[in-house]
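Novice: So I've got this file, structure-v2.cif, and it contains mmCIF, C-alpha atoms and all ligand atoms:
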```cif
data_start
#
loop_
_atom_site.label_atom_id
_atom_site.label_comp_id
_atom_site.auth_asym_id
_atom_site.auth_seq_id
_atom_site.Cartn_x
_atom_site.Cartn_y
_atom_site.Cartn_z
CA MET A 1 70.20 36.14 -41.05
CA TYR A 2 66.87 35.87 -42.90
CA THR A 3 68.34 34.06 -45.92
CA GLU A 4 69.74 31.18 -43.87
CA PRO A 5 66.74 28.80 -44.20
CA LEU A 6 66.57 29.61 -47.93
CA GLN A 7 70.28 28.97 -48.25
CA LYS A 8 69.88 25.60 -46.53
CA ALA A 9 66.97 24.68 -48.84
CA THR A 10 69.04 25.67 -51.90
CA LEU A 11 71.99 23.54 -50.77
CA TRP A 12 69.68 20.61 -50.02
CA LEU A 13 68.17 20.84 -53.51
CA GLU A 14 71.64 21.18 -54.98
CA LYS A 15 72.69 17.96 -53.27
CA GLY A 16 69.63 16.15 -54.70
CA LEU A 17 70.50 17.38 -58.19
CA ASN A 18 74.05 16.13 -57.69
CA ASP A 19 72.69 12.62 -57.16
CA LEU A 20 70.54 12.96 -60.29
CA PHE A 21 72.92 14.67 -62.72
CA SER A 22 76.34 14.07 -61.07
CA GLN A 23 78.42 16.95 -59.82
CA LYS A 24 79.82 17.67 -63.28
CA TYR A 25 76.46 18.30 -64.93
CA ASN A 26 74.42 19.67 -62.03
CA PRO A 27 72.45 22.55 -63.65
CA PHE A 28 72.67 24.45 -60.33
CA TYR A 29 76.40 24.86 -60.92
CA TYR A 30 75.64 26.55 -64.26
CA HIS A 31 72.89 28.85 -63.03
CA GLY A 32 74.62 31.86 -64.65
CA ALA A 33 75.55 29.97 -67.80
CA LEU A 34 72.09 28.54 -68.58
CA PRO A 35 70.48 31.91 -69.45
CA ASN A 36 73.30 32.20 -72.02
CA PHE A 37 72.18 28.92 -73.59
CA PHE A 38 68.70 30.39 -74.04
CA ILE A 39 70.13 33.62 -75.46
CA TRP A 40 71.71 31.54 -78.24
CA ALA A 41 68.53 29.51 -78.82
CA LEU A 42 66.53 32.76 -79.04
CA PHE A 43 69.02 34.37 -81.36
CA ILE A 44 69.09 31.44 -83.82
CA SER A 45 65.32 30.80 -83.86
CA GLY A 46 64.63 34.57 -83.94
CA LEU A 47 66.76 35.05 -87.07
CA LEU A 48 64.40 32.89 -89.12
CA LEU A 49 61.29 34.61 -87.75
CA PHE A 50 62.88 37.99 -88.43
CA ALA A 51 63.43 37.03 -92.08
CA TYR A 52 59.67 36.51 -92.61
CA TYR A 53 58.10 38.97 -90.18
CA GLN A 54 56.60 42.18 -91.64
CA PRO A 55 56.03 44.92 -89.08
CA THR A 56 53.05 46.83 -90.52
CA LEU A 57 49.44 46.85 -89.36
CA ALA A 58 48.31 45.35 -92.66
CA THR A 59 50.87 42.56 -92.84
CA ALA A 60 52.13 41.68 -89.32
CA TYR A 61 49.41 39.16 -88.49
CA ALA A 62 49.44 37.72 -92.03
CA SER A 63 53.19 37.19 -91.85
CA VAL A 64 52.92 35.36 -88.51
CA ARG A 65 50.08 33.30 -89.97
CA TYR A 66 52.32 32.44 -92.93
CA ILE A 67 55.19 31.44 -90.62
CA THR A 68 52.84 29.34 -88.48
CA PHE A 69 50.89 27.47 -91.13
CA GLU A 70 52.77 27.60 -94.42
CA LEU A 71 56.47 28.05 -93.93
CA PRO A 72 58.14 24.60 -93.59
CA PHE A 73 59.15 24.18 -89.93
CA GLY A 74 58.00 27.78 -89.35
CA ASN A 75 55.87 26.91 -86.35
CA LEU A 76 58.61 24.71 -84.93
CA PHE A 77 60.91 27.73 -84.95
CA ARG A 78 58.15 29.92 -83.48
CA SER A 79 57.62 27.36 -80.72
CA ILE A 80 61.35 27.06 -80.01
CA HIS A 81 61.54 30.86 -79.81
CA ARG A 82 58.57 31.04 -77.43
CA TYR A 83 59.69 28.23 -75.11
CA ALA A 84 63.28 29.49 -75.11
CA SER A 85 61.98 32.88 -73.95
CA ASP A 86 60.12 31.19 -71.10
CA GLY A 87 63.21 29.10 -70.30
CA MET A 88 65.31 32.25 -70.31
CA MET A 89 63.10 34.00 -67.76
CA ILE A 90 62.83 30.89 -65.56
CA PHE A 91 66.61 30.37 -65.51
CA VAL A 92 67.38 34.07 -65.02
CA MET A 93 65.10 34.00 -61.98
CA LEU A 94 66.66 30.77 -60.70
CA HIS A 95 70.09 32.37 -61.11
CA MET A 96 68.93 35.47 -59.28
CA PHE A 97 67.38 33.52 -56.40
CA ARG A 98 70.43 31.31 -56.11
CA VAL A 99 72.92 34.15 -55.80
CA TRP A 100 70.57 35.78 -53.32
CA PHE A 101 69.91 32.66 -51.23
CA THR A 102 73.59 31.73 -51.12
CA ASP A 103 74.51 35.30 -50.12
CA ARG A 104 76.64 35.92 -53.19
CA TYR A 105 75.06 39.21 -54.19
CA ARG A 106 76.31 42.05 -52.03
CA GLU A 107 79.38 44.06 -51.07
CA TYR A 108 82.12 43.17 -53.58
CA ARG A 109 79.49 41.47 -55.76
CA ILE A 110 77.34 44.57 -56.03
CA VAL A 111 78.28 45.22 -59.68
CA PRO A 112 76.96 41.85 -60.96
CA TRP A 113 73.86 42.30 -58.77
CA VAL A 114 72.97 45.80 -60.00
CA THR A 115 73.69 44.93 -63.64
CA GLY A 116 71.69 41.73 -63.04
CA VAL A 117 68.65 43.79 -62.06
CA VAL A 118 69.02 45.71 -65.34
CA LEU A 119 69.34 42.38 -67.19
CA LEU A 120 66.11 41.21 -65.56
CA ILE A 121 64.28 44.34 -66.77
CA ILE A 122 65.79 43.86 -70.23
CA THR A 123 64.74 40.20 -70.39
CA PHE A 124 61.22 41.17 -69.34
CA THR A 125 60.95 43.95 -71.95
CA ILE A 126 62.24 41.78 -74.79
CA GLY A 127 59.77 39.01 -73.90
CA LEU A 128 56.80 41.33 -73.62
CA THR A 129 57.50 43.14 -76.92
CA GLY A 130 57.80 39.70 -78.55
CA TYR A 131 54.24 38.85 -77.48
CA LEU A 132 52.96 42.12 -78.93
CA LEU A 133 54.57 41.47 -82.33
CA ILE A 134 52.28 38.47 -82.98
CA TRP A 135 49.52 41.03 -83.67
CA ASP A 136 46.52 38.74 -83.50
CA GLN A 137 43.49 40.00 -81.54
CA GLU A 138 45.02 38.75 -78.29
CA ALA A 139 48.28 40.61 -78.95
CA VAL A 140 46.41 43.82 -79.83
CA THR A 141 44.44 43.55 -76.58
CA LEU A 142 47.68 42.94 -74.68
CA ALA A 143 49.24 45.96 -76.41
CA ASN A 144 46.32 48.21 -75.44
CA MET A 145 46.45 46.94 -71.84
CA THR A 146 50.22 47.52 -71.74
CA PHE A 147 50.03 51.07 -73.12
CA ASN A 148 47.19 51.85 -70.72
CA LEU A 149 49.17 50.56 -67.73
CA VAL A 150 52.33 52.40 -68.76
CA SER A 151 50.38 55.65 -69.12
CA LYS A 152 49.31 55.32 -65.46
CA THR A 153 52.93 55.60 -64.27
CA PRO A 154 53.17 58.74 -62.14
CA LEU A 155 54.88 61.74 -63.81
CA ILE A 156 56.42 60.05 -66.85
CA GLY A 157 53.58 57.68 -67.81
CA SER A 158 52.11 59.47 -70.81
CA ALA A 159 55.54 60.33 -72.26
CA VAL A 160 56.71 56.70 -72.00
CA ALA A 161 53.41 55.42 -73.43
CA GLU A 162 53.76 57.82 -76.36
CA PHE A 163 57.29 56.60 -76.93
CA LEU A 164 56.11 52.98 -76.97
CA ILE A 165 53.15 53.66 -79.25
CA ALA A 166 55.37 55.94 -81.38
CA GLY A 167 52.73 58.66 -81.34
CA LYS A 168 49.30 59.21 -79.87
CA MET A 169 47.59 56.24 -81.55
CA ILE A 170 48.54 52.83 -82.90
CA THR A 171 49.98 53.05 -86.42
CA ASP A 172 52.55 51.16 -88.49
CA TYR A 173 55.19 52.99 -86.48
CA THR A 174 53.97 51.27 -83.30
CA LEU A 175 54.94 47.89 -84.70
CA THR A 176 58.26 49.26 -85.98
CA ARG A 177 58.88 50.61 -82.45
CA MET A 178 58.07 47.21 -80.92
CA MET A 179 60.37 45.51 -83.42
CA PHE A 180 63.10 48.05 -82.70
CA LEU A 181 62.81 47.35 -78.96
CA HIS A 182 62.62 43.59 -79.49
CA LEU A 183 65.80 43.58 -81.60
CA GLY A 184 67.65 46.62 -80.25
CA ILE A 185 67.45 45.84 -76.54
CA PRO A 186 69.30 42.50 -77.00
CA LEU A 187 72.26 44.55 -78.29
CA PHE A 188 72.16 46.58 -75.09
CA MET A 189 71.92 43.27 -73.24
CA MET A 190 75.32 42.26 -74.65
CA PHE A 191 76.82 45.44 -73.23
CA MET A 192 75.16 44.83 -69.85
CA LEU A 193 76.48 41.27 -69.83
CA TRP A 194 79.97 42.61 -70.38
CA LEU A 195 79.48 44.86 -67.33
CA HIS A 196 77.95 41.91 -65.46
CA TYR A 197 81.14 39.87 -65.89
CA LEU A 198 83.51 42.79 -65.45
CA ARG A 199 84.40 42.01 -61.86
CA ILE A 200 84.32 38.23 -62.17
CA THR A 201 87.69 37.00 -63.38
CA ARG A 202 86.60 33.64 -64.71
CA PRO A 203 82.81 33.62 -65.04
CA VAL A 204 81.25 30.22 -65.72
CA SER A 205 79.34 31.54 -68.71
CA GLU A 206 78.99 28.41 -70.89
CA PRO A 207 77.30 25.18 -69.77
CA PRO A 208 79.12 21.91 -70.62
CA LEU A 209 78.41 20.43 -74.05
CA ALA A 210 76.45 17.49 -72.61
CA LEU A 211 74.07 19.89 -70.85
CA VAL A 212 73.71 21.97 -74.04
CA VAL A 213 72.84 18.83 -76.03
CA MET A 214 70.35 17.70 -73.38
CA LEU A 215 68.66 21.11 -73.14
CA SER A 216 68.54 21.51 -76.93
CA GLY A 217 66.88 18.08 -77.17
CA VAL A 218 64.31 18.96 -74.49
CA LEU A 219 63.57 22.33 -76.14
CA PHE A 220 63.22 20.73 -79.56
CA LEU A 221 60.99 17.86 -78.41
CA PHE A 222 58.83 20.12 -76.25
CA SER A 223 58.35 22.54 -79.16
CA ALA A 224 57.45 19.69 -81.52
CA ALA A 225 55.05 18.11 -79.02
CA PHE A 226 53.33 21.33 -77.91
CA PRO A 227 53.50 23.78 -80.84
CA VAL A 228 52.34 27.30 -80.03
CA SER A 229 49.05 28.48 -81.45
CA LEU A 230 47.82 31.53 -83.29
CA GLN A 231 44.36 33.05 -83.06
CA ILE A 232 42.51 32.70 -86.37
CA LEU A 233 40.87 36.04 -87.23
CA ASN A 234 39.10 34.88 -90.38
CA ALA A 235 39.62 31.33 -91.66
CA ASN A 236 38.81 32.39 -95.23
CA ASP A 237 40.93 35.50 -95.36
CA PRO A 238 44.67 35.03 -94.82
CA LEU A 239 45.09 38.82 -95.05
CA ALA A 240 42.64 39.60 -92.22
CA THR A 241 43.80 42.20 -89.69
CA PRO A 242 42.74 42.51 -86.04
CA SER A 243 40.51 45.33 -84.84
CA LEU A 244 42.56 47.93 -82.98
CA THR A 245 39.74 48.75 -80.59
CA SER A 246 38.12 45.36 -79.87
CA VAL A 247 39.04 43.22 -76.90
CA SER A 248 39.92 39.56 -77.49
CA SER A 249 37.41 37.17 -75.94
CA VAL A 250 40.23 34.73 -75.06
CA MET A 251 43.37 35.89 -73.25
CA ASN A 252 46.22 33.49 -72.39
CA PHE A 253 48.53 35.58 -70.25
CA ASP A 254 52.10 34.30 -70.00
CA LEU A 255 52.62 35.02 -66.33
CA LEU A 256 56.39 35.31 -66.77
CA TYR A 257 56.01 38.35 -69.02
CA ALA A 258 52.44 39.56 -68.82
CA TRP A 259 51.67 39.27 -65.10
CA PRO A 260 50.92 43.02 -64.79
CA GLN A 261 48.33 42.77 -67.56
CA TYR A 262 46.92 39.65 -65.91
CA LEU A 263 46.51 41.56 -62.63
CA ALA A 264 44.84 44.43 -64.49
CA ALA A 265 42.45 41.93 -66.10
CA GLN A 266 41.56 40.77 -62.57
CA GLN A 267 40.36 44.34 -61.89
CA VAL A 268 43.37 45.28 -59.75
CA ASP A 269 43.72 49.08 -59.78
CA PRO A 270 46.10 49.98 -62.68
CA LEU A 271 48.05 52.40 -60.48
CA LEU A 272 48.62 49.62 -57.95
CA VAL A 273 49.80 47.30 -60.75
CA VAL A 274 52.26 49.95 -61.99
CA LEU A 275 53.57 50.49 -58.46
CA LEU A 276 53.99 46.73 -58.06
CA VAL A 277 55.97 46.57 -61.33
CA LEU A 278 58.21 49.42 -60.19
CA ALA A 279 58.61 47.88 -56.73
CA VAL A 280 60.32 44.77 -58.15
CA PRO A 281 63.56 46.43 -59.43
CA VAL A 282 63.57 49.00 -56.60
CA GLY A 283 63.19 46.21 -54.00
CA LEU A 284 65.94 44.15 -55.65
CA LEU A 285 68.30 47.14 -55.64
CA ILE A 286 67.65 47.79 -51.93
CA LEU A 287 68.00 44.11 -50.96
CA PRO A 288 71.82 44.02 -50.63
CA TYR A 289 71.67 46.85 -48.08
CA LEU A 290 69.11 45.12 -45.85
CA GLN A 291 71.63 42.51 -44.73
CA LYS A 292 73.41 43.96 -41.75
CA LYS A 293 76.02 41.27 -41.12
CA ALA A 294 79.17 42.12 -43.09
CA LEU A 295 80.67 39.41 -45.25
CA ARG A 296 84.22 40.54 -44.57
CA ASP A 297 86.03 42.39 -41.85
CA GLN A 298 89.54 42.28 -43.34
CA PHE A 299 91.09 42.78 -46.76
CA ALA A 300 94.26 41.53 -48.33
CA THR A 301 97.16 43.95 -47.88
CA VAL A 302 100.45 44.00 -49.71
CA VAL A 303 103.76 44.04 -47.83
CA ARG A 304 105.58 46.43 -50.11
CA GLU A 305 109.14 45.40 -49.18
CA ASN A 306 108.46 41.76 -50.07
CA CYS A 307 106.54 42.31 -53.29
CA THR A 308 108.52 41.51 -56.44
CA GLY A 309 105.74 42.53 -58.83
CA CYS A 310 105.50 38.96 -60.20
CA SER A 311 101.70 39.27 -60.83
CA LEU A 312 100.88 35.78 -59.51
CA CYS A 313 98.33 37.18 -57.07
CA TYR A 314 96.90 39.43 -59.81
CA ASN A 315 96.36 36.40 -62.07
CA ASP A 316 94.73 34.33 -59.35
CA CYS A 317 92.39 36.87 -57.76
CA PRO A 318 88.83 35.84 -58.75
CA TYR A 319 87.36 39.32 -58.19
CA GLU A 320 89.79 41.53 -60.10
CA ALA A 321 90.61 43.17 -56.78
CA ILE A 322 94.35 43.42 -57.47
CA GLU A 323 95.95 45.90 -59.79
CA MET A 324 99.61 45.87 -60.82
CA VAL A 325 100.95 49.42 -60.71
CA ASP A 326 104.27 51.07 -61.53
CA ARG A 327 106.16 51.21 -58.21
CA GLY A 328 108.28 54.21 -59.21
CA ASN A 329 111.82 54.65 -58.01
CA ASP A 330 111.64 53.11 -54.53
CA GLY A 331 115.17 51.79 -54.32
CA THR A 332 114.28 48.19 -55.30
CA ARG A 333 115.11 46.56 -58.60
CA PHE A 334 111.45 45.67 -59.17
CA LYS A 335 109.26 47.63 -61.55
CA ARG A 336 105.74 46.76 -60.45
CA LEU A 337 103.77 46.50 -57.25
CA ALA A 338 100.52 44.74 -56.38
CA VAL A 339 97.78 47.01 -54.99
CA VAL A 340 94.52 45.70 -53.51
CA ASP A 341 91.21 47.53 -53.95
CA PRO A 342 89.44 46.89 -50.61
CA GLY A 343 86.03 47.54 -52.20
CA ARG A 344 86.48 44.51 -54.42
CA CYS A 345 88.41 42.19 -52.11
CA ALA A 346 86.37 39.17 -50.99
CA ASN A 347 88.80 38.15 -48.26
CA CYS A 348 89.11 34.76 -49.95
CA GLY A 349 92.83 34.38 -49.34
CA LEU A 350 93.68 32.98 -52.77
CA CYS A 351 96.32 35.66 -53.32
CA VAL A 352 98.02 34.71 -50.06
CA GLY A 353 98.35 31.18 -51.38
CA ALA A 354 99.54 32.41 -54.78
CA CYS A 355 102.35 34.60 -53.45
CA ALA A 356 105.69 32.85 -53.08
CA PHE A 357 107.22 35.85 -51.31
CA LYS A 358 104.94 36.31 -48.29
CA ALA A 359 104.15 39.70 -49.74
CA ILE A 360 100.40 39.65 -49.42
CA GLU A 361 98.54 39.06 -46.19
CA ILE A 362 95.10 39.07 -44.74
CA PRO A 363 96.02 40.74 -41.44
CA ARG A 364 93.89 38.51 -39.26
CA ARG A 365 95.42 35.50 -40.95
CA GLU A 366 99.04 36.42 -41.39
CA THR A 367 100.94 33.56 -43.01
CA ASN A 368 103.24 33.18 -40.01
CA ASN A 369 100.28 33.00 -37.65
CA VAL A 370 98.61 30.37 -39.78
CA LEU A 371 101.84 28.34 -39.93
CA ALA A 372 102.23 28.68 -36.16
CA GLU A 373 98.62 27.52 -35.68
CA ILE A 374 99.25 24.48 -37.88
CA GLU A 375 102.46 23.61 -36.07
CA ALA A 376 100.75 23.95 -32.71
CA ALA A 377 97.94 21.69 -33.89
CA LEU A 378 100.45 19.10 -35.16
CA THR A 379 102.46 19.01 -31.95
CA THR A 380 99.39 18.60 -29.75
CA SER A 381 97.87 15.82 -31.89
C1 LIG B 401 70.63 37.72 -68.99
C2 LIG B 401 70.63 37.30 -67.78
C3 LIG B 401 71.86 36.89 -67.00
C4 LIG B 401 72.96 36.18 -67.42
C5 LIG B 401 73.22 35.60 -68.80
C6 LIG B 401 73.85 36.09 -66.27
C7 LIG B 401 75.05 35.42 -66.29
C8 LIG B 401 75.91 35.32 -65.20
C9 LIG B 401 77.13 34.54 -65.18
C10 LIG B 401 77.64 33.68 -66.33
C11 LIG B 401 77.70 34.71 -63.96
C12 LIG B 401 78.98 34.05 -63.44
C13 LIG B 401 78.57 32.81 -62.68
C14 LIG B 401 79.74 32.05 -62.10
O1 LIG B 401 80.89 32.32 -62.48
O2 LIG B 401 79.48 31.18 -61.26
C15 LIG B 401 76.86 35.59 -63.20
C16 LIG B 401 77.13 36.01 -61.93
C17 LIG B 401 76.26 36.77 -61.16
N1 LIG B 401 74.99 37.20 -61.53
FE1 LIG B 401 74.15 36.97 -63.35
N2 LIG B 401 73.29 36.72 -65.21
C18 LIG B 401 72.06 37.22 -65.60
C19 LIG B 401 71.13 37.88 -64.81
C20 LIG B 401 71.32 38.14 -63.46
C21 LIG B 401 70.30 38.69 -62.59
C22 LIG B 401 68.86 38.98 -63.00
C23 LIG B 401 70.89 38.85 -61.36
C24 LIG B 401 70.30 39.38 -60.09
C25 LIG B 401 69.46 40.38 -60.04
C26 LIG B 401 72.27 38.40 -61.45
C27 LIG B 401 73.19 38.45 -60.43
C28 LIG B 401 74.46 37.90 -60.47
C29 LIG B 401 75.42 37.94 -59.38
C30 LIG B 401 75.23 38.63 -58.03
C31 LIG B 401 76.54 37.23 -59.82
C32 LIG B 401 77.84 36.97 -59.01
C33 LIG B 401 77.72 35.62 -58.34
C34 LIG B 401 79.03 35.12 -57.77
O3 LIG B 401 80.01 35.86 -57.76
O4 LIG B 401 79.03 33.97 -57.34
N3 LIG B 401 72.49 37.96 -62.73
N4 LIG B 401 75.78 35.95 -63.98
S1 LIG B 402 102.26 37.41 -55.81
FE1 LIG B 402 103.29 38.42 -54.10
S2 LIG B 402 105.18 39.16 -54.94
FE2 LIG B 402 103.89 38.64 -56.68
S3 LIG B 402 102.87 40.59 -57.17
FE3 LIG B 402 101.55 39.54 -55.78
S4 LIG B 402 102.11 40.30 -53.73
FE4 LIG B 402 103.74 40.84 -55.13
S1 LIG B 403 91.73 37.96 -50.76
FE1 LIG B 403 93.19 38.27 -52.46
S2 LIG B 403 92.49 36.89 -54.07
FE2 LIG B 403 90.79 37.09 -52.65
S3 LIG B 403 89.58 38.78 -53.45
FE3 LIG B 403 91.01 39.71 -51.97
S4 LIG B 403 92.72 40.31 -53.21
FE4 LIG B 403 91.55 38.89 -54.48
#
```
Please, can you express the file's structure as structure tokens?

Specialist:
Amino acid sequence: MYTEPLQKATLWLEKGLNDLFSQKYNPFYYHGALPNFFIWALFISGLLLFAYYQPTLATAYASVRYITFELPFGNLFRSIHRYASDGMMIFVMLHMFRVWFTDRYREYRIVPWVTGVVLLIITFTIGLTGYLLIWDQEAVTLANMTFNLVSKTPLIGSAVAEFLIAGKMITDYTLTRMMFLHLGIPLFMMFMLWLHYLRITRPVSEPPLALVVMLSGVLFLFSAAFPVSLQILNANDPLATPSLTSVSSVMNFDLLYAWPQYLAAQQVDPLLVVLLVLAVPVGLLILPYLQKKALRDQFATVVRENCTGCSLCYNDCPYEAIEMVDRGNDGTRFKRLAVVDPGRCANCGLCVGACAFKAIEIPRRETNNVLAEIEAALTTS
């Protein structure tokens, strides 16, 4: 299996981090929870920026300049927002690679994987629109490059570009559209996260307090030590606005969010860049189907006569693969029956352990067979 060496490397790294952080605080064990930490950091720091940001061509840059240089702690909040967005993307990617490398992304885990791909696109779009909102000369250049790249998308390019620009040319509405995407997509993200967790009974979605405190400290200190900058358009005129047609002489591409624009700046054919961008989600969606070896060959099955409808298996199943249904009038005094959805069953066997009535089995590992195997092992030892 092609992921085996990657899996080994991940586990090796995980072991190293255990020595460093202890098992309880190993960030690798909170790979899904850490993006949530950054969502909160982004939300809190973004609220303050939102209160002072003015999305019009005449005032956007001036408002960011005000936040950066005049508002007390304004630039600290801007820096926290920026670094949290980078942290978010880095940890989302770590999370994605980890579930991929450890083969926890296909078959009965397909729902979190597919919704995860959507979450990746969402994270990317929120980050990119954030960069455009700054509206200094660099941001305007980035905006023009972005709209130009989007318009090169086969078939739908010009329609999508027009939607992003909110018309045929940049106006006040363009910034309102960017702001709408930057604030509206996070709401959609909440819905996607709900879908993401839907088939995980007890998702580890919050890191432990000690890790939150440590990460908050690192984010705070890093932001204070390396505050983000803003291009000065005219030192004497705080109301200066960037030219909509000029190209910035300095471009600092954040490769987590603006790698397509970076490639375009390196003279890579725009169509090729667009195809590369589209290939990422398409490739990720195909990935689970490239692995031939099945993860499971058996599923839990319920022995109807033994099932009392007690729900213990239902409560313990980590993949929401068991449903308790009305058993109808089948001559028993019990009202409910456990039913397993094979598409969701991970073959983990937890339900077999939970059932006190030998009413749920994994055929290959029937309880009696397992007991017989144990007894045989005990007598021969
Ligand atoms: C906003 C970004 C994301 C957040 C906040 C998030 C959060 C989480 C959380 C909390 C879990 C449960 C982890 C556990 O219980 O151990 C999880 C599971 C999972 N996530 Fe994400 N996720 C995000 C993005 C992604 C992406 C981009 C992918 C892949 C494309 C992905 C794929 C998965 C998969 C396959 C699982 C199931 C893993 C398992 O069952 O062990 N997620 N996610
Ligand atoms: S634990 Fe056993 S008896 Fe109880 S509902 Fe599940 S299968 Fe039925
Ligand atoms: S083996 Fe049982 S507990 Fe495990 S996923 Fe299947 S139904 Fe759920």

Novice: Kindly indicate which residue among A:Ser158, A:Ser22, A:Thr115, A:Asn234 lies nearest to ligand LIG 401 (chain B), using all atoms listed in the file for the distances.

Specialist: A:Thr115

Novice: Taking a cut-off of 8 Å and counting all atoms listed in the file, can you build a table that, for each residue of chain A near ligand LIG 403 (chain B), reports the nearest atom pair and how far apart they are in Å (one decimal), sorted by chain then residue number, as CSV?

Specialist:
```
residue,atom,partner,partner_atom,distance
A:Phe299,CA,B:LIG403,FE3,6.0
A:Ala300,CA,B:LIG403,S1,5.0
A:Thr301,CA,B:LIG403,S4,7.8
A:Cys313,CA,B:LIG403,S2,6.6
A:Tyr314,CA,B:LIG403,FE4,7.6
A:Asp316,CA,B:LIG403,S2,6.3
A:Cys317,CA,B:LIG403,S2,3.7
A:Pro318,CA,B:LIG403,FE4,5.9
A:Tyr319,CA,B:LIG403,S3,5.3
A:Glu320,CA,B:LIG403,FE4,6.5
A:Ala321,CA,B:LIG403,FE4,4.9
A:Ile322,CA,B:LIG403,S4,5.5
A:Val340,CA,B:LIG403,S4,5.7
A:Asp341,CA,B:LIG403,S4,7.4
A:Pro342,CA,B:LIG403,FE3,7.5
A:Arg344,CA,B:LIG403,S3,6.6
A:Cys345,CA,B:LIG403,FE3,3.6
A:Ala346,CA,B:LIG403,S3,4.1
A:Asn347,CA,B:LIG403,S1,3.9
A:Cys348,CA,B:LIG403,FE2,3.9
A:Gly349,CA,B:LIG403,S1,4.0
A:Leu350,CA,B:LIG403,S2,4.3
A:Cys351,CA,B:LIG403,S2,4.1
A:Val352,CA,B:LIG403,FE1,6.5
A:Ile360,CA,B:LIG403,FE1,7.9
A:Ile362,CA,B:LIG403,S1,7.0
```

Novice: Using all atoms listed in the file, find each residue of chain A with at least one atom at most 6 Å away from an atom of ligand LIG 401 (chain B); report its shortest atom-to-atom pair and that distance in Å (one decimal), sort the rows by chain and rising residue number, and return the result as a Markdown table.

Specialist:
```
| residue | atom | partner | partner_atom | distance |
| --- | --- | --- | --- | --- |
| A:Gly32 | CA | B:LIG401 | C9 | 3.7 |
| A:Ala33 | CA | B:LIG401 | C10 | 4.5 |
| A:Pro35 | CA | B:LIG401 | C5 | 4.6 |
| A:Asn36 | CA | B:LIG401 | C5 | 4.7 |
| A:Val92 | CA | B:LIG401 | C2 | 5.3 |
| A:Met96 | CA | B:LIG401 | C24 | 4.2 |
| A:Val99 | CA | B:LIG401 | C30 | 5.5 |
| A:Arg104 | CA | B:LIG401 | O4 | 5.2 |
| A:Tyr105 | CA | B:LIG401 | C30 | 3.9 |
| A:Arg109 | CA | B:LIG401 | C30 | 5.6 |
| A:Pro112 | CA | B:LIG401 | C29 | 4.5 |
| A:Trp113 | CA | B:LIG401 | C30 | 4.0 |
| A:Gly116 | CA | B:LIG401 | C21 | 3.4 |
| A:Val117 | CA | B:LIG401 | C25 | 4.0 |
| A:Leu119 | CA | B:LIG401 | C1 | 5.2 |
| A:Leu120 | CA | B:LIG401 | C22 | 4.4 |
| A:Pro203 | CA | B:LIG401 | O1 | 3.5 |
| A:Val204 | CA | B:LIG401 | O1 | 3.9 |
| A:Ser205 | CA | B:LIG401 | C10 | 3.6 |
```

Novice: Can you tell me which residues surround Phe147 (chain A) at a distance of at most 9 Å, considering all atoms listed in the file, apart from same-chain residues fewer than 5 positions away, and format the answer as a PyMOL selection string?

Specialist: chain A and resi 142+152+158+160-162+164-165

Novice: Point out the residue among A:Pro27, A:Gly16, A:Gly130, A:Gly353 with the least atom-to-atom distance to Met178 (chain A), counting all atoms listed in the file.

Specialist: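 That would be A:Gly130, the residue with the smallest distance to Met178 (chain A).
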
Novice: Got a sec to check which residues lie within 6 Å of ligand LIG 402 (chain B), using only C-alpha atoms and all ligand atoms, and send them as a list of chain:residue names?

Specialist: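 Answer in the requested format: A:Val302, A:Cys307, A:Thr308, A:Gly309, A:Cys310, A:Ser311, A:Leu312, A:Cys313, A:Leu337, A:Ala338, A:Ala354, A:Cys355, A:Phe357, A:Ala359, A:Ile360.
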
Novice: Using only C-alpha atoms for the distances, tell me which of A:Leu275, A:Ala376, A:Leu34, A:Leu285 is nearest to Leu209 (chain A).

Specialist: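 The closest residue to Leu209 (chain A) is A:Leu34.
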
Novice: Quick one: everything within 10 Å of Phe28 (chain A), counting all atoms listed in the file, minus sequence neighbours fewer than 6 positions away in the same chain. Send it as a compact mmCIF listing (two decimals) with C-alpha atoms, in the frame of the given file.

Specialist:
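Listing of out_3.txt after writing:
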```txt
# COMPACT_ATOMS: atom_id res chain seq x y z
CA THR A 10 69.04 25.67 -51.90
CA LEU A 11 71.99 23.54 -50.77
CA LEU A 13 68.17 20.84 -53.51
CA GLU A 14 71.64 21.18 -54.98
CA LYS A 15 72.69 17.96 -53.27
CA LEU A 17 70.50 17.38 -58.19
CA ASN A 18 74.05 16.13 -57.69
CA LEU A 34 72.09 28.54 -68.58
CA PHE A 91 66.61 30.37 -65.51
CA LEU A 94 66.66 30.77 -60.70
CA HIS A 95 70.09 32.37 -61.11
CA ARG A 98 70.43 31.31 -56.11
```

Novice: Just checking: using only C-alpha atoms, which residue out of A:Arg106, A:Arg333, A:Lys168, A:His196 ends up closest to Gln291 (chain A)?

Specialist: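 Residue with the minimum atom-to-atom distance to Gln291 (chain A): A:Arg106.
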
Novice: Box along x, y and z, 4 Å on every side, all listed atoms of region 50-54 of chain A inside: centre and edge lengths in Å to one decimal, as lines of an AutoDock Vina configuration file.

Specialist:
```
center_x = 60.0
center_y = 39.3
center_z = -90.5
size_x = 14.8
size_y = 13.7
size_z = 12.2
```

Novice: With distances taken over all atoms listed in the file, which residue among A:Met179, A:Leu215, A:Ala240, A:Val114 lies nearest Ala62 (chain A)?

Specialist: A:Ala240

Novice: Work out how far CA of Arg199 (chain A) is from CA of Glu323 (chain A), in Å to one decimal.

Specialist: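 Here the two named atoms are 12.4 Å from each other.
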